[in-house]
file data.cif (mmCIF, C-alpha atoms)
data_data
#
loop_
_atom_site.label_atom_id
_atom_site.label_comp_id
_atom_site.auth_asym_id
_atom_site.auth_seq_id
_atom_site.Cartn_x
_atom_site.Cartn_y
_atom_site.Cartn_z
CA MET A 1 -1.61 -1.96 6.00
CA VAL A 2 -4.81 -3.40 4.57
CA THR A 3 -7.45 -2.14 2.22
CA GLN A 4 -11.15 -2.15 3.05
CA ARG A 5 -13.90 -1.56 0.54
CA GLY A 6 -17.61 -1.06 1.03
CA GLY A 7 -18.20 -2.62 4.42
CA ARG A 8 -21.92 -2.06 4.07
CA ASP A 9 -22.30 -3.64 0.66
CA GLY A 10 -21.48 -7.31 0.68
CA ALA A 11 -18.41 -7.24 2.95
CA ASP A 12 -17.79 -10.07 5.40
CA SER A 13 -17.49 -9.70 9.19
CA ALA A 14 -13.85 -8.63 8.90
CA GLY A 15 -14.73 -5.79 6.56
CA ARG A 16 -13.30 -7.51 3.51
CA PRO A 17 -15.13 -7.43 0.16
CA PRO A 18 -16.57 -10.70 -1.16
CA ARG A 19 -14.08 -12.83 -3.04
CA ARG A 20 -14.62 -13.01 -6.76
CA SER A 21 -14.40 -16.34 -8.45
CA ARG A 22 -11.74 -16.56 -11.09
CA ARG A 23 -12.14 -18.51 -14.27
CA PRO A 24 -9.72 -21.45 -14.47
CA ASP A 25 -8.16 -20.03 -17.62
CA THR A 26 -7.58 -16.58 -16.12
CA PRO A 27 -4.16 -16.24 -14.45
CA ASP A 28 -3.59 -14.29 -11.25
CA ALA A 29 -2.73 -10.81 -12.51
CA ASP A 30 -0.15 -10.28 -9.79
CA ASN A 31 1.58 -13.66 -10.07
CA ALA A 32 1.29 -14.27 -13.79
CA PRO A 33 4.54 -14.51 -15.78
CA THR A 34 5.87 -11.25 -17.09
CA ALA A 35 4.18 -10.53 -20.39
CA GLU A 36 4.57 -7.59 -22.70
CA MET A 37 1.73 -5.13 -23.06
CA PRO A 38 1.18 -2.51 -25.73
CA ALA A 39 3.24 0.63 -25.25
CA VAL A 40 1.50 3.79 -24.15
CA PRO A 41 -0.12 5.35 -27.21
CA ALA A 42 0.43 8.98 -28.00
CA ALA A 43 -3.14 9.71 -27.00
CA ALA A 44 -2.37 8.46 -23.50
CA VAL A 45 0.56 10.79 -23.16
CA ASN A 46 -1.51 13.75 -24.29
CA GLY A 47 -4.48 12.73 -22.14
CA ARG A 48 -6.92 12.30 -25.05
CA ALA A 49 -9.79 9.88 -24.76
CA ASN A 50 -10.03 6.68 -26.75
CA GLY A 51 -12.85 5.62 -29.04
CA ASN A 52 -15.04 4.63 -26.09
CA GLY A 53 -14.75 8.06 -24.52
CA ASP A 54 -12.53 6.83 -21.67
CA ALA A 55 -9.13 8.30 -20.98
CA PRO A 56 -6.48 5.64 -21.73
CA GLU A 57 -4.88 6.29 -18.33
CA ALA A 58 -8.16 5.50 -16.59
CA VAL A 59 -8.67 2.31 -18.58
CA ARG A 60 -5.14 1.17 -17.90
CA ALA A 61 -5.35 2.05 -14.19
CA LYS A 62 -8.34 -0.26 -13.78
CA GLN A 63 -6.24 -3.17 -15.04
CA ILE A 64 -3.46 -2.76 -12.47
CA PRO A 65 -3.66 -5.15 -9.47
CA GLU A 66 -3.73 -3.47 -6.07
CA ALA A 67 -0.49 -5.18 -5.02
CA ALA A 68 1.21 -3.68 -8.06
CA VAL A 69 -0.17 -0.22 -7.19
CA ALA A 70 1.51 -0.45 -3.78
CA ARG A 71 4.81 -1.36 -5.44
CA LEU A 72 4.48 1.51 -7.93
CA ALA A 73 4.35 3.89 -4.97
CA VAL A 74 7.61 2.36 -3.70
CA TYR A 75 9.22 2.70 -7.14
CA LEU A 76 8.18 6.36 -7.22
CA ARG A 77 9.85 7.04 -3.88
CA VAL A 78 13.06 5.31 -5.00
CA LEU A 79 13.07 7.01 -8.40
CA SER A 80 12.47 10.43 -6.86
CA ALA A 81 15.48 9.93 -4.60
CA MET A 82 17.57 8.84 -7.59
CA SER A 83 16.47 11.89 -9.55
CA GLU A 84 17.46 14.18 -6.67
CA GLN A 85 20.92 12.57 -6.76
CA GLY A 86 21.25 13.35 -10.49
CA ALA A 87 20.49 9.93 -11.96
CA THR A 88 19.01 10.05 -15.47
CA THR A 89 18.68 6.33 -16.24
CA VAL A 90 18.27 3.21 -14.14
CA SER A 91 18.37 -0.50 -15.02
CA SER A 92 15.65 -2.88 -13.88
CA GLU A 93 18.20 -4.67 -11.71
CA GLU A 94 19.24 -1.44 -9.96
CA LEU A 95 15.66 -0.34 -9.41
CA SER A 96 14.48 -3.76 -8.25
CA GLN A 97 17.33 -4.00 -5.74
CA ALA A 98 16.66 -0.52 -4.38
CA ALA A 99 12.92 -1.27 -4.09
CA GLY A 100 13.35 -4.77 -2.67
CA VAL A 101 11.46 -6.45 -5.51
CA ASN A 102 12.68 -9.10 -7.93
CA SER A 103 13.44 -7.76 -11.39
CA ALA A 104 10.87 -9.92 -13.19
CA LYS A 105 8.04 -8.59 -11.02
CA LEU A 106 9.33 -5.04 -11.47
CA ARG A 107 9.30 -5.36 -15.26
CA LYS A 108 5.78 -6.77 -15.02
CA ASP A 109 4.67 -3.80 -12.93
CA LEU A 110 6.25 -1.27 -15.27
CA SER A 111 4.65 -2.97 -18.26
CA TYR A 112 1.28 -1.78 -16.93
CA LEU A 113 2.56 1.71 -17.67
CA GLY A 114 3.56 0.71 -21.19
CA SER A 115 7.19 1.26 -20.19
CA TYR A 116 9.81 -1.32 -21.24
CA GLY A 117 13.10 0.57 -21.17
CA THR A 118 15.94 0.28 -23.67
CA ARG A 119 18.24 -2.71 -23.80
CA GLY A 120 21.67 -1.81 -22.50
CA VAL A 121 20.47 1.56 -21.25
CA GLY A 122 17.54 0.91 -18.92
CA TYR A 123 14.71 3.26 -18.06
CA GLU A 124 14.68 7.04 -18.11
CA VAL A 125 14.14 8.12 -14.51
CA SER A 126 12.18 11.28 -15.34
CA VAL A 127 9.87 9.40 -17.71
CA LEU A 128 9.13 6.69 -15.15
CA VAL A 129 8.46 9.30 -12.48
CA SER A 130 5.94 11.13 -14.67
CA GLN A 131 4.25 7.87 -15.75
CA ILE A 132 3.86 6.60 -12.19
CA GLU A 133 2.66 9.97 -10.93
CA ARG A 134 0.00 10.02 -13.65
CA ILE A 135 -1.20 6.48 -12.88
CA LEU A 136 -1.30 7.18 -9.13
CA GLY A 137 -3.27 10.37 -9.71
CA LEU A 138 -0.51 12.61 -8.37
CA THR A 139 -0.74 15.14 -11.18
CA ARG A 140 -3.14 17.10 -8.97
CA GLN A 141 -3.27 17.73 -5.24
CA HIS A 142 -5.49 15.81 -2.85
CA LYS A 143 -6.59 17.86 0.15
CA VAL A 144 -6.38 16.03 3.47
CA ALA A 145 -8.28 16.37 6.75
CA VAL A 146 -6.94 14.94 10.01
CA VAL A 147 -9.47 14.02 12.69
CA GLY A 148 -8.24 13.48 16.24
CA ILE A 149 -5.48 15.87 17.27
CA GLY A 150 -3.79 13.73 19.90
CA ASN A 151 -0.13 12.72 19.75
CA LEU A 152 -0.52 10.99 16.38
CA GLY A 153 -2.77 13.70 14.96
CA HIS A 154 -0.31 16.40 16.02
CA ALA A 155 2.52 14.54 14.31
CA LEU A 156 0.53 14.16 11.10
CA ALA A 157 -0.60 17.79 11.11
CA ASN A 158 2.96 19.02 11.59
CA TYR A 159 4.58 16.66 9.07
CA GLY A 160 6.05 18.76 6.29
CA GLY A 161 6.41 15.96 3.77
CA PHE A 162 2.74 15.74 2.79
CA PRO A 163 2.36 19.00 0.83
CA GLY A 164 5.46 18.35 -1.28
CA ARG A 165 4.00 15.02 -2.38
CA GLY A 166 0.62 16.44 -3.32
CA PHE A 167 -1.25 15.92 -0.03
CA PRO A 168 -1.67 19.29 1.72
CA VAL A 169 -3.41 19.08 5.09
CA GLU A 170 -6.29 21.56 4.82
CA ALA A 171 -8.45 20.78 7.86
CA LEU A 172 -8.08 19.56 11.45
CA PHE A 173 -10.85 18.34 13.77
CA ASP A 174 -11.21 17.34 17.41
CA LEU A 175 -13.75 17.23 20.25
CA ASP A 176 -11.55 18.75 22.94
CA SER A 177 -12.80 22.27 23.70
CA ASP A 178 -9.27 23.28 24.71
CA LEU A 179 -8.07 22.52 21.16
CA ILE A 180 -10.87 24.15 19.17
CA GLY A 181 -9.53 27.24 17.43
CA VAL A 182 -5.93 26.51 18.41
CA PRO A 183 -3.59 26.38 15.39
CA VAL A 184 -1.67 23.15 14.87
CA GLY A 185 0.79 23.13 12.01
CA GLY A 186 -0.58 26.55 11.02
CA LEU A 187 -4.23 25.39 10.86
CA PRO A 188 -6.90 26.08 13.50
CA VAL A 189 -8.62 23.00 14.88
CA SER A 190 -12.35 22.78 14.13
CA HIS A 191 -15.03 20.87 16.00
CA MET A 192 -15.94 17.39 14.78
CA ASP A 193 -19.55 18.47 14.29
CA ASP A 194 -18.30 20.75 11.50
CA ILE A 195 -16.66 17.93 9.53
CA PRO A 196 -19.34 17.63 6.80
CA ARG A 197 -19.53 21.38 6.18
CA VAL A 198 -15.80 22.14 6.29
CA CYS A 199 -14.85 19.15 4.15
CA ALA A 200 -17.42 20.11 1.52
CA GLU A 201 -16.34 23.76 1.50
CA ARG A 202 -12.63 23.01 1.24
CA GLY A 203 -12.90 20.12 -1.21
CA ILE A 204 -11.33 17.52 1.09
CA SER A 205 -10.87 14.20 -0.71
CA ILE A 206 -8.89 12.20 1.89
CA GLY A 207 -9.72 11.89 5.56
CA VAL A 208 -7.30 10.60 8.20
CA ILE A 209 -8.86 9.12 11.34
CA ALA A 210 -6.57 9.23 14.38
CA THR A 211 -9.25 8.94 17.07
CA PRO A 212 -10.00 6.28 19.71
CA PRO A 213 -11.87 3.31 18.22
CA THR A 214 -15.17 4.28 19.88
CA ALA A 215 -15.31 7.52 17.89
CA ALA A 216 -13.97 6.23 14.57
CA GLN A 217 -17.25 5.13 12.96
CA SER A 218 -19.02 8.39 13.81
CA VAL A 219 -16.08 10.34 12.37
CA CYS A 220 -16.12 8.16 9.27
CA ASP A 221 -19.83 8.86 8.71
CA ARG A 222 -19.22 12.60 8.97
CA LEU A 223 -16.31 12.43 6.52
CA VAL A 224 -18.44 10.53 4.00
CA ALA A 225 -21.24 13.09 4.44
CA GLY A 226 -18.71 15.81 3.64
CA GLY A 227 -17.80 14.24 0.30
CA VAL A 228 -14.55 12.56 1.36
CA GLN A 229 -13.75 9.72 -1.06
CA CYS A 230 -10.86 7.96 0.69
CA ILE A 231 -10.09 7.31 4.36
CA LEU A 232 -6.84 6.42 6.09
CA ASN A 233 -7.84 4.78 9.36
CA PHE A 234 -5.41 4.51 12.29
CA ALA A 235 -8.12 3.45 14.75
CA PRO A 236 -8.10 -0.30 15.56
CA VAL A 237 -11.60 -0.90 14.26
CA VAL A 238 -13.19 -2.00 11.00
CA LEU A 239 -15.21 0.84 9.49
CA GLN A 240 -18.54 0.35 7.77
CA VAL A 241 -18.54 2.44 4.59
CA PRO A 242 -20.46 2.68 1.31
CA ALA A 243 -19.10 0.70 -1.61
CA HIS A 244 -17.62 3.74 -3.37
CA ILE A 245 -15.43 4.72 -0.40
CA GLU A 246 -11.85 3.45 -0.23
CA VAL A 247 -10.43 2.71 3.21
CA ARG A 248 -6.83 1.93 4.14
CA LYS A 249 -6.39 0.61 7.67
CA VAL A 250 -3.11 1.07 9.52
CA ASP A 251 -2.92 -1.00 12.71
CA LEU A 252 0.52 -0.54 14.25
CA ALA A 253 -0.11 -3.28 16.83
CA VAL A 254 -0.85 -5.79 14.06
CA GLU A 255 2.31 -4.77 12.20
CA LEU A 256 4.35 -5.29 15.37
CA GLN A 257 2.73 -8.68 15.90
CA ILE A 258 3.70 -9.69 12.37
CA LEU A 259 7.28 -8.62 13.06
CA SER A 260 7.16 -10.60 16.32
CA PHE A 261 6.20 -13.68 14.32
CA HIS A 262 9.25 -13.29 12.09
CA VAL A 263 11.54 -12.79 15.09
CA ALA A 264 10.14 -15.90 16.79
CA ARG A 265 10.43 -17.95 13.59
CA ARG A 266 14.07 -16.99 13.14
CA ALA A 267 14.78 -17.85 16.77
CA ASP A 268 13.16 -21.25 16.27
CA ASP A 269 15.17 -21.82 13.10
CA ALA A 270 18.40 -20.87 14.88
CA ALA A 271 17.61 -23.23 17.76
CA SER A 272 16.76 -26.00 15.31
CA ASN A 273 20.00 -25.46 13.41
CA GLN A 274 21.98 -25.54 16.63
CA GLY A 275 20.27 -28.73 17.74
CA ASN A 276 20.97 -30.45 14.42
CA SER A 277 24.63 -29.44 14.24
CA GLY A 278 27.55 -31.59 15.44
CA LEU A 279 27.04 -35.06 16.90
CA PRO A 280 23.57 -36.58 17.08
CA ALA A 281 21.71 -36.28 20.35
CA ALA A 282 22.10 -39.10 22.85
CA GLY A 283 19.90 -42.13 22.18
CA LEU A 284 19.29 -41.18 18.53
CA PRO A 285 21.04 -43.35 15.94
CA SER A 286 22.82 -41.68 13.06
CA ASP A 287 22.46 -42.97 9.52
CA ASN A 288 24.46 -40.15 7.90
CA GLY A 289 21.49 -39.16 5.81
CA LYS A 290 21.06 -42.61 4.22
CA SER A 291 17.45 -42.94 5.25
CA SER A 292 14.66 -40.47 4.59
CA GLY A 293 13.02 -38.20 7.11
CA ARG A 294 14.94 -39.27 10.24
CA ASN A 295 16.54 -36.77 12.64
CA GLY A 296 15.13 -33.86 10.71
CA ALA A 297 16.59 -34.96 7.37
CA GLY A 298 14.58 -34.71 4.20
CA PRO A 299 14.54 -37.15 1.27
CA ASP A 300 17.74 -35.61 -0.10
CA GLY A 301 19.54 -35.72 3.24
CA GLY A 302 18.96 -32.01 3.93
CA ARG A 303 17.25 -30.58 6.97
CA GLU A 304 13.50 -30.83 6.84
CA VAL A 305 11.70 -27.49 7.10
CA VAL A 306 9.29 -27.45 10.02
CA VAL A 307 6.52 -24.85 10.12
CA ARG A 308 5.24 -24.14 13.61
CA SER A 309 1.82 -22.64 14.10
#
call {"tool": "encode", "arguments": {"input": "data.cif", "output": "structure tokens"}}
result
Amino acid sequence: MVTQRGGRDGADSAGRPPRRSRRPDTPDADNAPTAEMPAVPAAAVNGRANGNGDAPEAVRAKQIPEAAVARLAVYLRVLSAMSEQGATTVSSEELSQAAGVNSAKLRKDLSYLGSYGTRGVGYEVSVLVSQIERILGLTRQHKVAVVGIGNLGHALANYGGFPGRGFPVEALFDLDSDLIGVPVGGLPVSHMDDIPRVCAERGISIGVIATPPTAAQSVCDRLVAGGVQCILNFAPVVLQVPAHIEVRKVDLAVELQILSFHVARRADDAASNQGNSGLPAAGLPSDNGKSSGRNGAGPDGGREVVVRS
């Protein structure tokens, strides 16, 4: 899944925003060593604004790298499952293992919340859940519209997990005259021409595009005209959007191709290991690792890592 911002305002041909130059003395926020940050002030907990008139949560949210935001969503899912199982506290090691993240990066991510845990005890699960929900904006519901009621659109419209997580599906759209007015998941399907009006009337903030690629841009324009702020795009096309619109692109074919790369790389590694095991191949002298770089051996006698393009 990739993020696209403002394709019409300075984005390159792939729909990515222009890269910002970083000062040499400014570390990468996502890869910088774990550093402590001030704890959440009482005003942040109570939602009061700071001296500049900005809510502390909003100020802090702007400082969180996008990669860390994605991991916070994973932590929330894991913590919610732990809470349902009756867990009240969790150590950074337990949470990092369950989330598939190293503990140092996890502590760095949680420090953006002002949460450091207690030595020997860990973190309070309920507190972390409430902090992450607040940062991710899940303290209020975000109404969702699904456009394109094919197989994928039907599945999304009928999925019961969205409302419980704060994302009720409130509108469905399609062009097929046989679908217009037919309820799917309890909601009647509206015509795509009505997208701007219906989205404005129902306060839709997130639009999901599950149409063929040829229709995706037109649908996107209608969603933006209806006041939709964020778009989840399943169509294999890069959308052109204003700078204030957030777009997340889900291309299942690309994800499968990435998985294919990992499968092929592991197969190559296994074949390489098999070829380097046992006696040396015929015609190749063996030096038992005394020389450097021969027969796939590195300077320390170990197998040299080969990266294939």
call {"tool": "closest_residue", "arguments": {"input": "data.cif", "among": "A:Val189, A:Val263, A:Leu179, A:Leu156", "to": "A:Leu232", "atoms": "only C-alpha atoms"}}
result
A:Leu156
call {"tool": "closest_residue", "arguments": {"input": "data.cif", "among": "A:Pro242, A:Asp221, A:Gly275, A:Ser126", "to": "A:Glu84", "atoms": "all atoms listed in the file"}}
result
A:Ser126
call {"tool": "atom_distance", "arguments": {"input": "data.cif", "atom1": "atom CA of A:Val247", "atom2": "atom CA of A:Val208"}}
result
9.8 Å
call {"tool": "closest_residue", "arguments": {"input": "data.cif", "among": "A:Phe234, A:Tyr123, A:Tyr159, A:Phe173", "to": "A:Ala87", "atoms": "only C-alpha atoms"}}
result
A:Tyr123
call {"tool": "closest_residue", "arguments": {"input": "data.cif", "among": "A:Ala225, A:Ala155, A:Ala73, A:Leu110", "to": "A:Ala210", "atoms": "all atoms listed in the file"}}
result
A:Ala155
call {"tool": "build_atoms", "arguments": {"input": "data.cif", "residues": "stretch 162-195 of chain A", "atoms": "N, CA and C atoms", "output": "PDB file, in the coordinates of the input"}}
result
ATOM      1  N   PHE A 162       3.979  15.966   3.530  1.00  0.00           N
ATOM      2  CA  PHE A 162       2.740  15.740   2.790  1.00  0.00           C
ATOM      3  C   PHE A 162       2.516  16.743   1.655  1.00  0.00           C
ATOM      4  N   PRO A 163       2.638  18.038   1.904  1.00  0.00           N
ATOM      5  CA  PRO A 163       2.360  19.000   0.830  1.00  0.00           C
ATOM      6  C   PRO A 163       3.254  18.814  -0.389  1.00  0.00           C
ATOM      7  N   GLY A 164       4.535  18.524  -0.164  1.00  0.00           N
ATOM      8  CA  GLY A 164       5.460  18.350  -1.280  1.00  0.00           C
ATOM      9  C   GLY A 164       5.136  17.151  -2.142  1.00  0.00           C
ATOM     10  N   ARG A 165       4.387  16.212  -1.612  1.00  0.00           N
ATOM     11  CA  ARG A 165       4.000  15.020  -2.380  1.00  0.00           C
ATOM     12  C   ARG A 165       2.570  15.091  -2.880  1.00  0.00           C
ATOM     13  N   GLY A 166       1.966  16.260  -2.763  1.00  0.00           N
ATOM     14  CA  GLY A 166       0.620  16.440  -3.320  1.00  0.00           C
ATOM     15  C   GLY A 166      -0.500  16.201  -2.349  1.00  0.00           C
ATOM     16  N   PHE A 167      -0.212  16.180  -1.023  1.00  0.00           N
ATOM     17  CA  PHE A 167      -1.250  15.920  -0.030  1.00  0.00           C
ATOM     18  C   PHE A 167      -1.254  17.000   1.059  1.00  0.00           C
ATOM     19  N   PRO A 168      -1.639  18.223   0.712  1.00  0.00           N
ATOM     20  CA  PRO A 168      -1.670  19.290   1.720  1.00  0.00           C
ATOM     21  C   PRO A 168      -2.767  19.030   2.752  1.00  0.00           C
ATOM     22  N   VAL A 169      -2.421  19.207   4.014  1.00  0.00           N
ATOM     23  CA  VAL A 169      -3.410  19.080   5.090  1.00  0.00           C
ATOM     24  C   VAL A 169      -4.168  20.401   5.170  1.00  0.00           C
ATOM     25  N   GLU A 170      -5.471  20.352   4.926  1.00  0.00           N
ATOM     26  CA  GLU A 170      -6.290  21.560   4.820  1.00  0.00           C
ATOM     27  C   GLU A 170      -7.315  21.710   5.934  1.00  0.00           C
ATOM     28  N   ALA A 171      -7.456  20.678   6.793  1.00  0.00           N
ATOM     29  CA  ALA A 171      -8.450  20.780   7.860  1.00  0.00           C
ATOM     30  C   ALA A 171      -8.065  19.857   9.009  1.00  0.00           C
ATOM     31  N   LEU A 172      -8.335  20.336  10.240  1.00  0.00           N
ATOM     32  CA  LEU A 172      -8.080  19.560  11.450  1.00  0.00           C
ATOM     33  C   LEU A 172      -9.333  19.572  12.315  1.00  0.00           C
ATOM     34  N   PHE A 173      -9.634  18.448  12.960  1.00  0.00           N
ATOM     35  CA  PHE A 173     -10.850  18.340  13.770  1.00  0.00           C
ATOM     36  C   PHE A 173     -10.564  17.603  15.075  1.00  0.00           C
ATOM     37  N   ASP A 174     -11.297  18.023  16.123  1.00  0.00           N
ATOM     38  CA  ASP A 174     -11.210  17.340  17.410  1.00  0.00           C
ATOM     39  C   ASP A 174     -12.437  17.704  18.238  1.00  0.00           C
ATOM     40  N   LEU A 175     -12.636  16.962  19.353  1.00  0.00           N
ATOM     41  CA  LEU A 175     -13.750  17.230  20.250  1.00  0.00           C
ATOM     42  C   LEU A 175     -13.340  18.060  21.464  1.00  0.00           C
ATOM     43  N   ASP A 176     -12.051  18.082  21.756  1.00  0.00           N
ATOM     44  CA  ASP A 176     -11.550  18.750  22.940  1.00  0.00           C
ATOM     45  C   ASP A 176     -11.753  20.267  22.816  1.00  0.00           C
ATOM     46  N   SER A 177     -12.523  20.825  23.764  1.00  0.00           N
ATOM     47  CA  SER A 177     -12.800  22.270  23.700  1.00  0.00           C
ATOM     48  C   SER A 177     -11.535  23.098  23.867  1.00  0.00           C
ATOM     49  N   ASP A 178     -10.522  22.538  24.541  1.00  0.00           N
ATOM     50  CA  ASP A 178      -9.270  23.280  24.710  1.00  0.00           C
ATOM     51  C   ASP A 178      -8.473  23.368  23.411  1.00  0.00           C
ATOM     52  N   LEU A 179      -8.792  22.518  22.435  1.00  0.00           N
ATOM     53  CA  LEU A 179      -8.070  22.520  21.160  1.00  0.00           C
ATOM     54  C   LEU A 179      -8.786  23.324  20.079  1.00  0.00           C
ATOM     55  N   ILE A 180     -10.103  23.488  20.220  1.00  0.00           N
ATOM     56  CA  ILE A 180     -10.870  24.150  19.170  1.00  0.00           C
ATOM     57  C   ILE A 180     -10.365  25.585  18.990  1.00  0.00           C
ATOM     58  N   GLY A 181     -10.014  25.912  17.749  1.00  0.00           N
ATOM     59  CA  GLY A 181      -9.530  27.240  17.430  1.00  0.00           C
ATOM     60  C   GLY A 181      -8.035  27.408  17.586  1.00  0.00           C
ATOM     61  N   VAL A 182      -7.383  26.431  18.219  1.00  0.00           N
ATOM     62  CA  VAL A 182      -5.930  26.510  18.410  1.00  0.00           C
ATOM     63  C   VAL A 182      -5.232  26.042  17.138  1.00  0.00           C
ATOM     64  N   PRO A 183      -4.286  26.817  16.603  1.00  0.00           N
ATOM     65  CA  PRO A 183      -3.590  26.380  15.390  1.00  0.00           C
ATOM     66  C   PRO A 183      -2.592  25.260  15.672  1.00  0.00           C
ATOM     67  N   VAL A 184      -2.632  24.258  14.825  1.00  0.00           N
ATOM     68  CA  VAL A 184      -1.670  23.150  14.870  1.00  0.00           C
ATOM     69  C   VAL A 184      -1.102  23.008  13.466  1.00  0.00           C
ATOM     70  N   GLY A 185       0.192  23.161  13.341  1.00  0.00           N
ATOM     71  CA  GLY A 185       0.790  23.130  12.010  1.00  0.00           C
ATOM     72  C   GLY A 185       0.299  24.273  11.142  1.00  0.00           C
ATOM     73  N   GLY A 186      -0.117  25.380  11.773  1.00  0.00           N
ATOM     74  CA  GLY A 186      -0.580  26.550  11.020  1.00  0.00           C
ATOM     75  C   GLY A 186      -2.064  26.547  10.721  1.00  0.00           C
ATOM     76  N   LEU A 187      -2.794  25.466  11.121  1.00  0.00           N
ATOM     77  CA  LEU A 187      -4.230  25.390  10.860  1.00  0.00           C
ATOM     78  C   LEU A 187      -4.997  25.369  12.169  1.00  0.00           C
ATOM     79  N   PRO A 188      -6.081  26.144  12.282  1.00  0.00           N
ATOM     80  CA  PRO A 188      -6.900  26.080  13.500  1.00  0.00           C
ATOM     81  C   PRO A 188      -7.716  24.790  13.520  1.00  0.00           C
ATOM     82  N   VAL A 189      -7.863  24.248  14.714  1.00  0.00           N
ATOM     83  CA  VAL A 189      -8.620  23.000  14.880  1.00  0.00           C
ATOM     84  C   VAL A 189     -10.110  23.329  14.927  1.00  0.00           C
ATOM     85  N   SER A 190     -10.895  22.613  14.141  1.00  0.00           N
ATOM     86  CA  SER A 190     -12.350  22.780  14.130  1.00  0.00           C
ATOM     87  C   SER A 190     -13.017  21.666  14.918  1.00  0.00           C
ATOM     88  N   HIS A 191     -14.273  21.879  15.263  1.00  0.00           N
ATOM     89  CA  HIS A 191     -15.030  20.870  16.000  1.00  0.00           C
ATOM     90  C   HIS A 191     -15.462  19.746  15.057  1.00  0.00           C
ATOM     91  N   MET A 192     -15.554  18.541  15.603  1.00  0.00           N
ATOM     92  CA  MET A 192     -15.940  17.390  14.780  1.00  0.00           C
ATOM     93  C   MET A 192     -17.327  17.540  14.173  1.00  0.00           C
ATOM     94  N   ASP A 193     -18.200  18.269  14.836  1.00  0.00           N
ATOM     95  CA  ASP A 193     -19.550  18.470  14.290  1.00  0.00           C
ATOM     96  C   ASP A 193     -19.506  19.229  12.967  1.00  0.00           C
ATOM     97  N   ASP A 194     -18.420  19.956  12.730  1.00  0.00           N
ATOM     98  CA  ASP A 194     -18.300  20.750  11.500  1.00  0.00           C
ATOM     99  C   ASP A 194     -17.646  19.983  10.355  1.00  0.00           C
ATOM    100  N   ILE A 195     -17.356  18.708  10.560  1.00  0.00           N
ATOM    101  CA  ILE A 195     -16.660  17.930   9.530  1.00  0.00           C
ATOM    102  C   ILE A 195     -17.378  17.956   8.181  1.00  0.00           C
TER     103      ILE A 195
END
